[in-house]
>>> print(open('target_28.cif').read())   # mmCIF, C-alpha atoms
data_upload
#
loop_
_atom_site.group_PDB
_atom_site.id
_atom_site.type_symbol
_atom_site.label_atom_id
_atom_site.label_comp_id
_atom_site.auth_asym_id
_atom_site.auth_seq_id
_atom_site.Cartn_x
_atom_site.Cartn_y
_atom_site.Cartn_z
ATOM 1 C CA GLY G 4 113.001 98.264 138.398
ATOM 2 C CA ARG G 5 110.049 100.623 138.486
ATOM 3 C CA ASP G 6 109.508 103.080 135.639
ATOM 4 C CA ALA G 7 112.324 101.534 133.603
ATOM 5 C CA CYS G 8 114.037 103.891 131.139
ATOM 6 C CA GLY G 9 111.974 106.744 132.608
ATOM 7 C CA VAL G 10 108.705 105.355 131.284
ATOM 8 C CA VAL G 11 106.044 105.715 133.950
ATOM 9 C CA GLY G 12 104.333 102.434 134.689
ATOM 10 C CA PHE G 13 106.951 100.351 132.853
ATOM 11 C CA ASP G 14 108.118 98.110 135.665
ATOM 12 C CA PHE G 15 110.690 95.594 134.450
ATOM 13 C CA ASP G 16 112.723 93.227 136.613
ATOM 14 C CA ILE G 17 115.169 90.494 135.664
ATOM 15 C CA ALA G 18 115.958 87.525 137.896
ATOM 16 C CA ILE G 19 118.877 85.263 136.973
ATOM 17 C CA HIS G 20 118.397 81.628 137.956
ATOM 18 C CA LEU G 21 121.318 79.208 137.885
ATOM 19 C CA GLY G 22 120.330 75.889 136.287
ATOM 20 C CA ALA G 23 121.681 72.412 136.857
ATOM 21 C CA GLY G 24 123.380 72.252 133.477
ATOM 22 C CA ALA G 25 121.663 69.180 132.001
ATOM 23 C CA TYR G 26 121.894 69.056 128.206
ATOM 24 C CA VAL G 27 118.221 68.081 127.897
ATOM 25 C CA CYS G 28 117.292 71.423 129.475
ATOM 26 C CA GLY G 29 118.079 72.994 126.138
ATOM 27 C CA GLU G 30 114.554 71.807 125.334
ATOM 28 C CA GLU G 31 112.227 74.588 126.449
ATOM 29 C CA SER G 32 109.713 72.569 128.469
ATOM 30 C CA ALA G 33 112.502 70.657 130.249
ATOM 31 C CA LEU G 34 114.050 74.005 131.138
ATOM 32 C CA ILE G 35 110.743 75.177 132.611
ATOM 33 C CA GLU G 36 110.478 71.980 134.650
ATOM 34 C CA SER G 37 113.971 72.654 136.017
ATOM 35 C CA LEU G 38 113.059 76.261 136.876
ATOM 36 C CA GLU G 39 110.116 74.930 138.859
ATOM 37 C CA GLY G 40 112.484 72.778 140.914
ATOM 38 C CA LYS G 41 111.596 69.526 139.178
ATOM 39 C CA ARG G 42 113.649 67.023 137.231
ATOM 40 C CA GLY G 43 114.548 68.360 133.773
ATOM 41 C CA THR G 44 112.205 66.217 131.675
ATOM 42 C CA PRO G 45 110.469 67.426 128.485
ATOM 43 C CA ARG G 46 106.732 67.874 128.857
ATOM 44 C CA ILE G 47 104.075 66.339 126.670
ATOM 45 C CA ARG G 48 102.667 69.023 124.370
ATOM 46 C CA PRO G 49 100.098 70.538 123.976
ATOM 47 C CA PRO G 50 99.786 72.658 125.968
ATOM 48 C CA PHE G 51 102.765 74.598 124.672
ATOM 49 C CA PRO G 52 104.752 76.971 126.922
ATOM 50 C CA VAL G 53 103.095 80.016 125.318
ATOM 51 C CA GLN G 54 99.798 78.580 126.598
ATOM 52 C CA ALA G 55 100.895 77.130 129.951
ATOM 53 C CA GLY G 56 104.560 77.406 130.804
ATOM 54 C CA TYR G 57 106.338 78.436 134.007
ATOM 55 C CA LEU G 58 103.979 77.850 136.960
ATOM 56 C CA GLY G 59 101.191 77.268 134.449
ATOM 57 C CA ARG G 60 101.452 80.802 133.035
ATOM 58 C CA PRO G 61 102.047 81.758 129.372
ATOM 59 C CA THR G 62 105.826 81.730 128.914
ATOM 60 C CA VAL G 63 108.151 82.763 126.102
ATOM 61 C CA VAL G 64 111.455 80.834 125.986
ATOM 62 C CA ASN G 65 114.311 82.257 123.933
ATOM 63 C CA ASN G 66 118.080 82.107 123.821
ATOM 64 C CA VAL G 67 119.980 85.003 125.395
ATOM 65 C CA GLU G 68 121.415 85.766 121.955
ATOM 66 C CA THR G 69 117.868 86.324 120.664
ATOM 67 C CA PHE G 70 117.123 88.898 123.356
ATOM 68 C CA CYS G 71 120.370 90.699 122.453
ATOM 69 C CA ALA G 72 119.253 90.793 118.823
ATOM 70 C CA VAL G 73 115.858 92.199 119.859
ATOM 71 C CA ALA G 74 117.626 95.044 121.673
ATOM 72 C CA HIS G 75 119.572 95.926 118.506
ATOM 73 C CA ILE G 76 116.401 95.776 116.397
ATOM 74 C CA ALA G 77 114.508 97.982 118.849
ATOM 75 C CA ARG G 78 117.292 100.571 118.713
ATOM 76 C CA ARG G 79 118.101 100.534 114.967
ATOM 77 C CA GLY G 80 114.996 99.131 113.335
ATOM 78 C CA GLY G 81 114.026 95.961 111.535
ATOM 79 C CA ALA G 82 115.279 97.156 108.141
ATOM 80 C CA TRP G 83 118.790 97.566 109.526
ATOM 81 C CA TRP G 84 118.777 94.006 110.898
ATOM 82 C CA ALA G 85 117.282 92.606 107.681
ATOM 83 C CA GLY G 86 120.135 94.202 105.753
ATOM 84 C CA ILE G 87 122.632 91.868 107.485
ATOM 85 C CA GLY G 88 123.048 88.272 106.336
ATOM 86 C CA THR G 89 121.005 86.668 103.558
ATOM 87 C CA ALA G 90 117.419 87.071 102.399
ATOM 88 C CA GLN G 91 116.352 83.924 104.274
ATOM 89 C CA SER G 92 118.737 84.263 107.228
ATOM 90 C CA THR G 93 118.980 87.819 108.479
ATOM 91 C CA GLY G 94 121.266 89.120 111.194
ATOM 92 C CA THR G 95 124.398 87.701 112.777
ATOM 93 C CA LYS G 96 125.396 84.527 114.599
ATOM 94 C CA ILE G 97 127.897 84.089 117.434
ATOM 95 C CA HIS G 98 130.111 81.006 117.136
ATOM 96 C CA SER G 99 132.044 79.333 119.931
ATOM 97 C CA VAL G 100 135.065 78.109 117.964
ATOM 98 C CA SER G 101 137.109 75.318 119.546
ATOM 99 C CA GLY G 102 139.255 72.332 118.653
ATOM 100 C CA ASP G 103 142.243 72.165 116.300
ATOM 101 C CA CYS G 104 142.827 75.835 115.572
ATOM 102 C CA ALA G 105 145.350 78.493 116.563
ATOM 103 C CA ARG G 106 142.808 81.083 117.764
ATOM 104 C CA PRO G 107 139.793 79.506 119.506
ATOM 105 C CA GLY G 108 137.196 81.853 120.942
ATOM 106 C CA LEU G 109 133.921 83.649 120.243
ATOM 107 C CA TYR G 110 133.388 84.943 116.706
ATOM 108 C CA GLU G 111 130.384 86.891 115.410
ATOM 109 C CA TYR G 112 129.579 86.776 111.695
ATOM 110 C CA PRO G 113 126.676 87.741 109.443
ATOM 111 C CA LEU G 114 124.580 84.685 108.598
ATOM 112 C CA GLY G 115 125.637 83.397 105.196
ATOM 113 C CA THR G 116 129.353 83.372 106.064
ATOM 114 C CA PRO G 117 131.192 80.378 104.502
ATOM 115 C CA ILE G 118 132.675 77.769 106.818
ATOM 116 C CA ALA G 119 136.018 78.246 105.053
ATOM 117 C CA GLN G 120 136.207 81.888 106.173
ATOM 118 C CA ILE G 121 135.678 80.985 109.826
ATOM 119 C CA LEU G 122 138.394 78.328 109.574
ATOM 120 C CA ASP G 123 140.789 80.814 108.023
ATOM 121 C CA ASP G 124 140.077 83.453 110.660
ATOM 122 C CA CYS G 125 140.616 81.064 113.589
ATOM 123 C CA GLY G 126 143.886 79.740 112.153
ATOM 124 C CA ALA G 127 142.749 76.183 111.404
ATOM 125 C CA ARG G 128 144.990 74.108 109.122
ATOM 126 C CA ASP G 129 144.742 70.660 107.536
ATOM 127 C CA VAL G 130 141.125 70.328 108.664
ATOM 128 C CA GLN G 131 139.170 67.202 107.744
ATOM 129 C CA ALA G 132 135.816 68.065 109.345
ATOM 130 C CA VAL G 133 133.888 70.638 111.363
ATOM 131 C CA GLN G 134 131.057 69.820 113.770
ATOM 132 C CA VAL G 135 128.645 72.720 113.333
ATOM 133 C CA GLY G 136 125.978 73.278 115.967
ATOM 134 C CA GLY G 137 127.389 71.074 118.711
ATOM 135 C CA PRO G 138 126.818 67.332 119.222
ATOM 136 C CA SER G 139 123.287 67.639 117.804
ATOM 137 C CA GLY G 140 124.480 69.477 114.706
ATOM 138 C CA ALA G 141 126.084 68.502 111.416
ATOM 139 C CA CYS G 142 129.530 67.052 110.723
ATOM 140 C CA VAL G 143 130.731 68.863 107.588
ATOM 141 C CA PRO G 144 133.659 67.339 105.644
ATOM 142 C CA ALA G 145 136.430 69.338 103.958
ATOM 143 C CA SER G 146 134.784 68.919 100.539
ATOM 144 C CA GLU G 147 131.870 71.065 101.759
ATOM 145 C CA PHE G 148 133.703 73.922 103.462
ATOM 146 C CA ASN G 149 132.318 76.291 100.823
ATOM 147 C CA ARG G 150 128.884 75.910 102.405
ATOM 148 C CA ALA G 151 127.487 78.787 104.452
ATOM 149 C CA ILE G 152 126.236 79.043 108.019
ATOM 150 C CA ALA G 153 122.580 79.892 107.368
ATOM 151 C CA PHE G 154 119.146 78.405 107.916
ATOM 152 C CA GLU G 155 118.899 77.523 104.224
ATOM 153 C CA ASP G 156 122.286 75.754 104.175
ATOM 154 C CA VAL G 157 124.058 74.701 107.411
ATOM 155 C CA PRO G 158 122.085 75.914 110.450
ATOM 156 C CA SER G 159 123.978 76.309 113.701
ATOM 157 C CA ALA G 160 123.204 76.675 117.382
ATOM 158 C CA GLY G 161 126.576 78.407 117.779
ATOM 159 C CA ALA G 162 129.146 75.690 118.465
ATOM 160 C CA PHE G 163 131.912 75.249 115.875
ATOM 161 C CA MET G 164 134.290 72.332 116.604
ATOM 162 C CA VAL G 165 137.343 71.881 114.372
ATOM 163 C CA PHE G 166 138.951 68.472 113.737
ATOM 164 C CA ASP G 167 142.220 68.214 111.842
ATOM 165 C CA ARG G 168 143.490 65.077 110.072
ATOM 166 C CA SER G 169 145.124 63.723 113.208
ATOM 167 C CA ARG G 170 141.657 62.941 114.596
ATOM 168 C CA ASP G 171 139.830 59.642 114.208
ATOM 169 C CA LEU G 172 136.267 60.652 113.291
ATOM 170 C CA PHE G 173 134.988 57.255 114.409
ATOM 171 C CA GLU G 174 136.240 57.993 117.929
ATOM 172 C CA VAL G 175 134.715 61.463 117.756
ATOM 173 C CA ALA G 176 131.325 59.922 116.964
ATOM 174 C CA ARG G 177 131.783 57.341 119.739
ATOM 175 C CA HIS G 178 132.455 60.041 122.330
ATOM 176 C CA PHE G 179 129.366 61.972 121.184
ATOM 177 C CA ALA G 180 127.327 58.752 121.493
ATOM 178 C CA ARG G 181 128.497 58.302 125.085
ATOM 179 C CA PHE G 182 127.560 61.903 125.802
ATOM 180 C CA PHE G 183 123.988 61.425 124.569
ATOM 181 C CA ALA G 184 123.561 58.136 126.448
ATOM 182 C CA HIS G 185 124.657 59.926 129.635
ATOM 183 C CA GLU G 186 122.458 62.992 129.051
ATOM 184 C CA SER G 187 119.259 61.133 128.109
ATOM 185 C CA CYS G 188 116.554 61.948 130.652
ATOM 186 C CA GLY G 189 115.272 58.368 130.368
ATOM 187 C CA LEU G 190 111.627 59.332 129.812
ATOM 188 C CA CYS G 191 111.130 57.455 126.537
ATOM 189 C CA THR G 192 112.363 53.968 125.699
ATOM 190 C CA PRO G 193 113.745 54.728 122.198
ATOM 191 C CA CYS G 194 116.154 57.295 123.627
ATOM 192 C CA ARG G 195 116.921 55.602 126.959
ATOM 193 C CA VAL G 196 117.635 52.227 125.363
ATOM 194 C CA GLY G 197 118.601 53.314 121.861
ATOM 195 C CA THR G 198 121.443 55.625 122.897
ATOM 196 C CA GLU G 199 122.924 52.864 125.065
ATOM 197 C CA LEU G 200 122.672 50.334 122.222
ATOM 198 C CA VAL G 201 124.516 52.751 119.928
ATOM 199 C CA VAL G 202 127.326 53.047 122.490
ATOM 200 C CA ARG G 203 127.599 49.265 122.855
ATOM 201 C CA ARG G 204 127.714 48.722 119.085
ATOM 202 C CA LEU G 205 130.379 51.412 118.650
ATOM 203 C CA ASP G 206 132.376 49.955 121.545
ATOM 204 C CA LYS G 207 132.285 46.585 119.806
ATOM 205 C CA LEU G 208 133.647 48.143 116.623
ATOM 206 C CA ALA G 209 136.301 50.018 118.608
ATOM 207 C CA HIS G 210 137.546 46.870 120.346
ATOM 208 C CA ALA G 211 137.359 44.825 117.145
ATOM 209 C CA ARG G 212 140.282 46.492 115.351
ATOM 210 C CA GLY G 213 142.737 43.704 114.587
ATOM 211 C CA ALA G 214 140.573 41.111 116.349
ATOM 212 C CA GLY G 215 138.068 40.646 113.538
ATOM 213 C CA SER G 216 135.067 40.422 115.883
ATOM 214 C CA ALA G 217 132.907 43.044 114.123
ATOM 215 C CA SER G 218 131.280 42.737 110.719
ATOM 216 C CA ALA G 219 129.099 44.627 108.259
ATOM 217 C CA PHE G 220 126.154 43.394 110.339
ATOM 218 C CA ASP G 221 127.201 45.748 113.134
ATOM 219 C CA ILE G 222 127.270 48.747 110.803
ATOM 220 C CA ASP G 223 123.820 47.800 109.477
ATOM 221 C CA ARG G 224 122.500 47.745 113.048
ATOM 222 C CA LEU G 225 123.858 51.262 113.590
ATOM 223 C CA HIS G 226 121.849 52.425 110.568
ATOM 224 C CA ASP G 227 118.753 50.756 112.048
ATOM 225 C CA LEU G 228 119.285 52.435 115.421
ATOM 226 C CA ASP G 229 119.729 55.792 113.706
ATOM 227 C CA ILE G 230 116.335 55.386 111.993
ATOM 228 C CA ALA G 231 114.645 54.280 115.223
ATOM 229 C CA LEU G 232 115.982 57.224 117.223
ATOM 230 C CA HIS G 233 115.132 59.781 114.552
ATOM 231 C CA SER G 234 111.538 58.585 114.285
ATOM 232 C CA GLY G 235 110.448 57.460 117.735
ATOM 233 C CA THR G 236 111.782 59.677 120.532
ATOM 234 C CA HIS G 237 109.828 62.065 122.736
ATOM 235 C CA CYS G 238 112.023 65.138 122.263
ATOM 236 C CA GLY G 239 114.801 66.516 120.102
ATOM 237 C CA LEU G 240 117.654 65.074 122.178
ATOM 238 C CA GLY G 241 116.939 61.508 121.117
ATOM 239 C CA ALA G 242 116.022 62.531 117.582
ATOM 240 C CA SER G 243 119.381 64.246 117.090
ATOM 241 C CA ALA G 244 121.538 61.848 119.124
ATOM 242 C CA CYS G 245 122.667 59.956 116.013
ATOM 243 C CA ASN G 246 123.460 63.030 113.904
ATOM 244 C CA PRO G 247 127.254 62.691 114.394
ATOM 245 C CA LEU G 248 126.985 58.946 113.750
ATOM 246 C CA ARG G 249 124.948 59.444 110.577
ATOM 247 C CA ASP G 250 127.256 62.111 109.156
ATOM 248 C CA THR G 251 130.518 60.332 109.937
ATOM 249 C CA MET G 252 129.225 57.053 108.497
ATOM 250 C CA ARG G 253 128.270 58.906 105.315
ATOM 251 C CA HIS G 254 131.409 61.024 104.904
ATOM 252 C CA PHE G 255 134.024 58.879 106.670
ATOM 253 C CA GLY G 256 132.721 55.367 106.098
ATOM 254 C CA ASP G 257 136.240 53.906 105.863
ATOM 255 C CA ALA G 258 136.740 54.627 109.578
ATOM 256 C CA TYR G 259 133.915 52.173 110.275
ATOM 257 C CA ALA G 260 134.651 49.650 107.510
ATOM 258 C CA GLN G 261 138.241 49.078 108.653
ATOM 259 C CA ARG G 262 136.891 47.918 112.007
ATOM 260 C CA ALA G 263 134.258 45.585 110.532
ATOM 261 C CA THR G 264 136.550 42.945 109.039
ATOM 262 C CA ALA G 265 134.812 39.718 110.102
ATOM 263 C CA PRO G 266 133.227 37.895 107.114
ATOM 264 C CA GLN G 267 130.056 37.214 109.101
ATOM 265 C CA PHE G 268 128.382 38.225 112.338
ATOM 266 C CA GLN G 269 130.349 37.568 115.507
ATOM 267 C CA PRO G 270 128.465 37.704 118.837
ATOM 268 C CA ASP G 271 129.771 40.189 121.363
ATOM 269 C CA LEU G 272 128.370 38.232 124.313
ATOM 270 C CA ASP G 273 130.227 35.373 125.995
ATOM 271 C CA LEU G 274 127.375 33.255 127.342
ATOM 272 C CA ASP G 275 129.692 31.058 129.398
ATOM 273 C CA ALA G 276 131.221 34.111 131.067
ATOM 274 C CA GLU G 277 127.731 35.433 131.854
ATOM 275 C CA LEU G 278 127.074 32.238 133.838
ATOM 276 C CA SER G 279 130.053 32.817 136.121
ATOM 277 C CA SER G 280 127.970 34.486 138.842
ATOM 278 C CA ALA G 281 125.558 31.535 138.846
ATOM 279 C CA ARG G 282 128.487 29.131 139.187
ATOM 280 C CA ARG G 283 129.842 31.109 142.132
ATOM 281 C CA ALA G 284 126.420 31.155 143.805
ATOM 282 C CA THR G 285 126.023 27.377 143.447
ATOM 283 C CA GLY G 286 129.638 26.535 144.160
ATOM 284 C CA ARG G 287 129.987 24.640 140.905
ATOM 285 C CA SER G 288 133.060 24.489 138.713
ATOM 286 C CA ASP G 289 132.514 21.145 136.957
ATOM 287 C CA ALA G 290 132.325 20.756 133.201
ATOM 288 C CA GLY G 291 128.540 20.456 133.302
ATOM 289 C CA ALA G 292 128.249 23.990 134.656
ATOM 290 C CA HIS G 293 129.984 25.419 131.575
ATOM 291 C CA LEU G 294 128.750 26.028 128.056
ATOM 292 C CA HIS G 295 130.899 24.363 125.417
ATOM 293 C CA THR G 296 130.812 26.477 122.296
ATOM 294 C CA ASP G 297 132.305 23.673 120.187
ATOM 295 C CA THR G 298 129.328 21.415 120.949
ATOM 296 C CA PRO G 299 126.491 21.642 118.401
ATOM 297 C CA ALA G 300 123.378 23.306 119.829
#
>>> encode(input="target_28.cif", output="structure tokens")
Amino acid sequence: GRDACGVVGFDFDIAIHLGAGAYVCGEESALIESLEGKRGTPRIRPPFPVQAGYLGRPTVVNNVETFCAVAHIARRGGAWWAGIGTAQSTGTKIHSVSGDCARPGLYEYPLGTPIAQILDDCGARDVQAVQVGGPSGACVPASEFNRAIAFEDVPSAGAFMVFDRSRDLFEVARHFARFFAHESCGLCTPCRVGTELVVRRLDKLAHARGAGSASAFDIDRLHDLDIALHSGTHCGLGASACNPLRDTMRHFGDAYAQRATAPQFQPDLDLDAELSSARRATGRSDAGAHLHTDTPA
């Protein structure tokens, strides 16, 4: 209100606006577009939001947690805040701990806290991996639980998902891939098409177990898609969409290899089945209207 905190002339109002909840609106310019009543699509920059943001005015976009930290710093001073955490990562971080643990919830730790301590505090047992930072973050295997949550080691946006040894990390990566394909805003082709191609390739591997229809070729194509998405997308959603895929392929490669058992490439498309709609439209069911895969091309 007017004269906030008794300071004459310091007029300060806060308006809370409920967003639509799209994942891409975690990108600051997409969030501004949403606030303006438009579709949540990342803007082309420059200009940057600090130059022309909400309604064309200079705009600062920060996480709520950052504003909370600023309030603590204003009250206790920068030296106090700098004394928490590490030299390169000062202050604290709030983690939303979920998954295979006895005590899920919100935990606040100084930056620099080892992953192992968080797992111990939340009652996690027999853990094989932790997804730090949400779907866009890093999948950390058990061999690296001594690493710390810090900008110089394992950065985190706050999510902390625990997976015990009952989980299939391939399926975890596949579900994340579906999430990104669904949440893509569709603005750029690498993300719009690439995320869908990742889902289709992972679905092929998932359905191939025991059928022998997937091969090493399919895993190679996943590596190629990972490179394409990391290097050619418009915003960070597409660039980070393959992070779970990349990490699980590196740390849990056996989960992929056991599904790629065919000695050579096997097509996932049944050309004859694709012609079924044309046969229905023309009323044909004779042998000449079918493709015979045993006939040399």
>>> resolve_selection(input="target_28.cif", expression="the PyMOL selection byres ((chain G and resi 134-151) around 6)", output="number ranges by chain")
G: 115-119, 131-133, 152-153, 159-164, 243, 250
>>> closest_residue(input="target_28.cif", among="G:Leu225, G:Leu200, G:Val63, G:Ala209", to="Leu248 (chain G)", atoms="all atoms listed in the file")
G:Leu225
>>> residues_around(input="target_28.cif", residues="region 19-27 of chain G", least_positions_apart="2", cutoff="7 Å", atoms="only C-alpha atoms", output="PyMOL selection string")
chain G and resi 17+29-30+33+43+186+188+240
>>> atom_distance(input="target_28.cif", atom1="CA of Gly239 (chain G)", atom2="CA of Leu38 (chain G)")
19.5 Å
>>> residues_around(input="target_28.cif", residues="Gly197 (chain G)", least_positions_apart="6", cutoff="8 Å", atoms="only C-alpha atoms", output="PyMOL selection string")
chain G and resi 228+231-232
>>> atom_distance(input="target_28.cif", atom1="CA of Ala260 (chain G)", atom2="CA of Asp171 (chain G)")
13.1 Å
>>> residues_around(input="target_28.cif", residues="Tyr57 (chain G)", least_positions_apart="6", cutoff="9 Å", atoms="all atoms listed in the file", output="tab-separated table (two decimals) with C-alpha atoms, in the coordinates of the input")
chain	number	residue	atom	x	y	z
G	32	SER	CA	109.71	72.57	128.47
G	35	ILE	CA	110.74	75.18	132.61
G	36	GLU	CA	110.48	71.98	134.65
G	38	LEU	CA	113.06	76.26	136.88
G	39	GLU	CA	110.12	74.93	138.86
>>> axis_aligned_box(input="target_28.cif", around="region 268-287 of chain G", padding_each_side="3 Å", output="JSON")
{"center_x": 128.4, "center_y": 32.4, "center_z": 128.2, "size_x": 11.7, "size_y": 21.5, "size_z": 37.8}
>>> residues_around(input="target_28.cif", residues="region 93-101 of chain G", least_positions_apart="4", cutoff="6 Å", atoms="all atoms listed in the file", output="count of residues only")
17
>>> resolve_selection(input="target_28.cif", expression="the PyMOL selection byres ((chain G and resi 267) around 9)", output="PyMOL selection string")
chain G and resi 217-220+264-266+268-269
>>> decode(input="target_28.cif", residues="region 154-240 of chain G", atoms="C-alpha atoms", output="tab-separated table (two decimals), in the first residue's frame")
chain	number	residue	atom	x	y	z
G	154	PHE	CA	26.29	-24.42	-8.59
G	155	GLU	CA	29.84	-25.76	-8.89
G	156	ASP	CA	28.75	-29.40	-8.55
G	157	VAL	CA	25.08	-30.46	-8.98
G	158	PRO	CA	22.87	-27.38	-9.48
G	159	SER	CA	19.20	-27.73	-8.64
G	160	ALA	CA	15.98	-25.88	-9.32
G	161	GLY	CA	14.57	-27.45	-6.14
G	162	ALA	CA	13.02	-30.78	-7.14
G	163	PHE	CA	14.57	-33.92	-5.63
G	164	MET	CA	13.03	-37.19	-6.90
G	165	VAL	CA	14.16	-40.46	-5.31
G	166	PHE	CA	14.14	-43.79	-7.19
G	167	ASP	CA	14.88	-47.03	-5.38
G	168	ARG	CA	16.05	-50.26	-7.04
G	169	SER	CA	12.52	-51.40	-7.78
G	170	ARG	CA	12.29	-48.73	-10.49
G	171	ASP	CA	13.14	-49.23	-14.15
G	172	LEU	CA	15.18	-46.14	-15.06
G	173	PHE	CA	14.43	-46.70	-18.74
G	174	GLU	CA	10.72	-46.28	-18.00
G	175	VAL	CA	11.47	-43.21	-15.90
G	176	ALA	CA	13.26	-41.63	-18.87
G	177	ARG	CA	10.41	-42.64	-21.20
G	178	HIS	CA	7.82	-40.94	-18.99
G	179	PHE	CA	9.95	-37.77	-18.85
G	180	ALA	CA	10.21	-37.87	-22.66
G	181	ARG	CA	6.42	-38.02	-22.97
G	182	PHE	CA	6.16	-35.09	-20.58
G	183	PHE	CA	8.45	-32.91	-22.69
G	184	ALA	CA	6.71	-33.86	-25.94
G	185	HIS	CA	3.39	-32.83	-24.36
G	186	GLU	CA	4.74	-29.57	-22.89
G	187	SER	CA	6.60	-28.36	-25.99
G	188	CYS	CA	5.08	-25.07	-27.15
G	189	GLY	CA	5.65	-26.13	-30.77
G	190	LEU	CA	7.38	-22.90	-31.82
G	191	CYS	CA	10.58	-24.47	-33.15
G	192	THR	CA	10.87	-27.61	-35.26
G	193	PRO	CA	13.77	-29.26	-33.36
G	194	CYS	CA	11.72	-29.32	-30.16
G	195	ARG	CA	8.27	-29.92	-31.67
G	196	VAL	CA	9.45	-32.80	-33.85
G	197	GLY	CA	12.49	-33.94	-31.90
G	198	THR	CA	10.67	-34.59	-28.62
G	199	GLU	CA	8.06	-36.67	-30.46
G	200	LEU	CA	10.75	-38.68	-32.26
G	201	VAL	CA	12.41	-39.43	-28.92
G	202	VAL	CA	9.10	-40.75	-27.57
G	203	ARG	CA	8.55	-42.95	-30.62
G	204	ARG	CA	12.06	-44.41	-30.44
G	205	LEU	CA	11.71	-45.13	-26.71
G	206	ASP	CA	8.28	-46.68	-27.30
G	207	LYS	CA	9.85	-48.97	-29.89
G	208	LEU	CA	12.48	-50.07	-27.38
G	209	ALA	CA	9.81	-50.55	-24.71
G	210	HIS	CA	7.67	-52.78	-26.93
G	211	ALA	CA	10.69	-54.67	-28.25
G	212	ARG	CA	11.51	-56.54	-25.03
G	213	GLY	CA	11.36	-60.22	-25.92
G	214	ALA	CA	10.31	-59.46	-29.50
G	215	GLY	CA	13.76	-58.56	-30.79
G	216	SER	CA	12.49	-55.66	-32.94
G	217	ALA	CA	14.93	-53.02	-31.64
G	218	SER	CA	18.66	-52.88	-32.24
G	219	ALA	CA	21.75	-50.82	-31.45
G	220	PHE	CA	20.68	-48.60	-34.36
G	221	ASP	CA	17.77	-47.33	-32.28
G	222	ILE	CA	20.05	-46.38	-29.39
G	223	ASP	CA	22.38	-44.58	-31.81
G	224	ARG	CA	19.42	-42.57	-33.11
G	225	LEU	CA	18.58	-41.53	-29.54
G	226	HIS	CA	22.12	-40.17	-29.18
G	227	ASP	CA	21.66	-38.25	-32.44
G	228	LEU	CA	18.34	-36.78	-31.28
G	229	ASP	CA	19.93	-35.76	-27.98
G	230	ILE	CA	22.62	-33.81	-29.87
G	231	ALA	CA	20.07	-32.18	-32.18
G	232	LEU	CA	17.84	-31.03	-29.33
G	233	HIS	CA	20.72	-29.71	-27.24
G	234	SER	CA	22.08	-27.63	-30.11
G	235	GLY	CA	19.13	-26.42	-32.16
G	236	THR	CA	16.13	-25.45	-30.03
G	237	HIS	CA	14.74	-21.98	-29.42
G	238	CYS	CA	14.58	-22.13	-25.62
G	239	GLY	CA	15.78	-24.15	-22.66
G	240	LEU	CA	12.85	-26.60	-22.66
